[in-house]
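What follows is a set of notes on a single structure, which appears directly below.
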Amino acid sequence: MSSPLLRGPRWADVRLHRTALWTVGGLVLLAAVVTGYLRWAASAYPVPTTDCYGPCEDTFLGFSSAMDLLSSTMEKGAVALLLLPVLIGAFVAGPMIGREMESGAYKLAWTQSVSPARWLASKLTTAAALTVGGALVLMAVFQLGAWNLLGRWNLSWTDRGVYEAIGPVLIAYCLLAVAVGALAGLLLRRTLLGMSVTGVVTGGVLLALGSVRWHLFPVATVSGPASGRSTGYTMHDVPVDSLIMDMGVHNAAGERFVAGQCSPEQMAAFPCPSDTRITGWYADIHPHSHFWYVQLIETGIILALTAAAAYAAFRVLRRRTA
């Protein structure tokens, strides 16, 4: 018997892809169990039991400590979460829509009192609901493992993967993958081709926005006087967990330059002011307080792209069924 929330086309979609869903559910459960165990082990055995250099005889599964193993696992887990939208988009474009378009199975659904628009809407909403639920669980698992590791053990809130996994932007990317996958499946009507194109497009958006995200919000500038030496300075008042976008020194006129490139002698190919006497230092940074500003701006951009892709998918479907 179907669930009240899964009737008609939605129930058919879940039944059709139940093997894949069970497999994914099992992997998520395995990830939760492994992360929970490593979290417990890191609390019980946080540091190496012996001090050694080179290979250690007393290790935790080949690592110097359970905390070291947990940190390494979370680094790899962050990369896996970064690839999650690509995998979701490929599945929607291929097995979920592209295969039906390629085989003609969609015609059967359209003759069972299900309109093309309702058919597509049911697939999008089902995929979106399962995607959001799964992504939230995986993000919770990551938070369980990475709790109190950020800023330590090679994990930073600015790292690719970590940044996505601890904010709403990952959910937005997953929803974008669903919409792009649906559009590609309808346009190309081929399973493998739709999967490939969706993977490239979704990955391209991830790469493009990831490269410009820190330019979406103004930086904060901290500065101070030079240390007193003609070419020396000591930076201070810069939070240790900040992302430094630019840093250098300035002269009495406020002109910025890089000390090592302009003084004591100018290096070739570097523009330097005529007065290279250092009077102070500066740093353009994103402190941790900028995290949510950047997250929300980027999330808004992705959701706008998602809406555009979903609208385009319905337009394509409408033209082909007109």
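FYI, nothing fancy with the structure tokens labels: chains A, B, ... in order, residues from 1 per chain, ligands from 1 as they appear.
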Tell me, counting only C-alpha atoms, for each residue of range 110-192 of chain A within 12 Å of range 212-215 of chain A, which pair of atoms is nearest and how far apart they are in Å to one decimal, in rows ordered by chain and increasing number, as CSV.
residue,atom,partner,partner_atom,distance
A:Thr158,CA,A:Trp214,CA,9.5
A:Asp159,CA,A:Trp214,CA,11.8
A:Arg160,CA,A:Arg213,CA,11.0
A:Tyr163,CA,A:Arg213,CA,10.8
A:Glu164,CA,A:Arg213,CA,11.4
A:Val169,CA,A:Arg213,CA,11.2
Output N, CA, C and O atoms of each residue in that selection to a file, as a compact mmCIF listing (two decimals), in the first residue's frame.
# COMPACT_ATOMS: atom_id res chain seq x y z
N THR A 158 36.88 27.63 5.33
CA THR A 158 37.00 28.16 3.97
C THR A 158 37.36 27.10 2.94
O THR A 158 37.37 27.39 1.74
N ASP A 159 37.66 25.88 3.35
CA ASP A 159 38.07 24.83 2.42
C ASP A 159 36.92 24.42 1.52
O ASP A 159 35.76 24.37 1.95
N ARG A 160 37.24 24.10 0.26
CA ARG A 160 36.22 23.53 -0.62
C ARG A 160 35.73 22.21 -0.03
O ARG A 160 36.51 21.38 0.40
N TYR A 163 33.30 24.10 3.38
CA TYR A 163 32.42 25.27 3.28
C TYR A 163 31.02 24.86 2.84
O TYR A 163 30.02 25.32 3.39
N GLU A 164 30.93 24.01 1.83
CA GLU A 164 29.62 23.58 1.33
C GLU A 164 28.89 22.71 2.35
O GLU A 164 27.66 22.79 2.48
N VAL A 169 24.27 26.13 1.32
CA VAL A 169 24.64 26.18 -0.09
C VAL A 169 24.69 24.78 -0.70
O VAL A 169 24.40 24.61 -1.89
Requested in this report: Write out as a list in words which residues come within 8 Å of Gly185 in chain A when counting only C-alpha atoms, dropping same-chain ones fewer than 4 positions away.
Outcome: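 In the requested format, the answer is Val92, Ala93, Gly94, Ile97, Gly98, Met101, Gly181, Arg189, Arg190, Thr191, Gly194 and Met195 of chain A.
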Take the selection from the previous step and output its residues with N, CA, C and O atoms, as a PDB file, in the first residue's frame.
ATOM      1  N   VAL A  92      19.333  11.930 -11.957  1.00  0.00           N
ATOM      2  CA  VAL A  92      18.061  12.475 -12.436  1.00  0.00           C
ATOM      3  C   VAL A  92      18.044  12.534 -13.959  1.00  0.00           C
ATOM      4  O   VAL A  92      17.045  12.178 -14.606  1.00  0.00           O
ATOM      5  N   ALA A  93      19.139  12.981 -14.568  1.00  0.00           N
ATOM      6  CA  ALA A  93      19.196  13.103 -16.026  1.00  0.00           C
ATOM      7  C   ALA A  93      19.180  11.750 -16.713  1.00  0.00           C
ATOM      8  O   ALA A  93      18.620  11.605 -17.807  1.00  0.00           O
ATOM      9  N   GLY A  94      19.786  10.737 -16.071  1.00  0.00           N
ATOM     10  CA  GLY A  94      19.896   9.436 -16.701  1.00  0.00           C
ATOM     11  C   GLY A  94      18.786   8.467 -16.336  1.00  0.00           C
ATOM     12  O   GLY A  94      17.747   8.401 -17.008  1.00  0.00           O
ATOM     13  N   ILE A  97      14.958  10.229 -15.825  1.00  0.00           N
ATOM     14  CA  ILE A  97      14.228  10.865 -16.923  1.00  0.00           C
ATOM     15  C   ILE A  97      14.753  10.427 -18.291  1.00  0.00           C
ATOM     16  O   ILE A  97      13.970  10.039 -19.163  1.00  0.00           O
ATOM     17  N   GLY A  98      16.049  10.476 -18.471  1.00  0.00           N
ATOM     18  CA  GLY A  98      16.623  10.135 -19.766  1.00  0.00           C
ATOM     19  C   GLY A  98      16.271   8.731 -20.228  1.00  0.00           C
ATOM     20  O   GLY A  98      15.952   8.519 -21.406  1.00  0.00           O
ATOM     21  N   MET A 101      12.654   8.653 -21.441  1.00  0.00           N
ATOM     22  CA  MET A 101      12.515   9.326 -22.727  1.00  0.00           C
ATOM     23  C   MET A 101      13.122   8.495 -23.848  1.00  0.00           C
ATOM     24  O   MET A 101      12.600   8.455 -24.968  1.00  0.00           O
ATOM     25  N   GLY A 181      19.416  18.252 -14.221  1.00  0.00           N
ATOM     26  CA  GLY A 181      19.278  16.882 -14.688  1.00  0.00           C
ATOM     27  C   GLY A 181      17.977  16.670 -15.443  1.00  0.00           C
ATOM     28  O   GLY A 181      17.948  16.004 -16.486  1.00  0.00           O
ATOM     29  N   ARG A 189      17.284  13.312 -24.278  1.00  0.00           N
ATOM     30  CA  ARG A 189      16.521  12.070 -24.419  1.00  0.00           C
ATOM     31  C   ARG A 189      17.412  10.838 -24.553  1.00  0.00           C
ATOM     32  O   ARG A 189      17.045   9.853 -25.182  1.00  0.00           O
ATOM     33  N   ARG A 190      18.587  10.908 -23.974  1.00  0.00           N
ATOM     34  CA  ARG A 190      19.532   9.789 -23.977  1.00  0.00           C
ATOM     35  C   ARG A 190      20.120   9.660 -22.582  1.00  0.00           C
ATOM     36  O   ARG A 190      20.524  10.661 -21.984  1.00  0.00           O
ATOM     37  N   THR A 191      20.213   8.437 -22.099  1.00  0.00           N
ATOM     38  CA  THR A 191      20.631   8.217 -20.713  1.00  0.00           C
ATOM     39  C   THR A 191      22.061   8.666 -20.468  1.00  0.00           C
ATOM     40  O   THR A 191      22.328   9.537 -19.637  1.00  0.00           O
ATOM     41  N   GLY A 194      22.769  12.383 -21.348  1.00  0.00           N
ATOM     42  CA  GLY A 194      22.189  13.284 -20.354  1.00  0.00           C
ATOM     43  C   GLY A 194      22.988  13.289 -19.060  1.00  0.00           C
ATOM     44  O   GLY A 194      23.197  14.354 -18.455  1.00  0.00           O
ATOM     45  N   MET A 195      23.439  12.121 -18.624  1.00  0.00           N
ATOM     46  CA  MET A 195      24.249  12.044 -17.415  1.00  0.00           C
ATOM     47  C   MET A 195      25.553  12.812 -17.576  1.00  0.00           C
ATOM     48  O   MET A 195      25.973  13.545 -16.679  1.00  0.00           O
TER      49      MET A 195
END
Query raised in the report: If you run DSSP on this backbone, which residues of range 58-277 of chain A come out as strand (DSSP E or B), and could you give them as a list in words?
Result: Phe60, Phe63, Ala220, Thr221, Val222, Ser223, Gly224, Pro225, Leu243, Ile244, Met245, Asp246, Met247, Gly248, Val249, His250, Arg256 and Phe257 of chain A
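Shortest atom-to-atom contact with Asp241 in chain A among A:Pro287, A:Gly260, A:Gly199, A:Pro273: A:Pro287, counting only C-alpha atoms.
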Report task. Choose the residue, out of A:Ala182, A:Val28, A:Val258, A:Leu317, that has the smallest atom-to-atom separation from Arg277 in chain A; count only C-alpha atoms. Result ->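 Closest residue, counting only C-alpha atoms: A:Val258.
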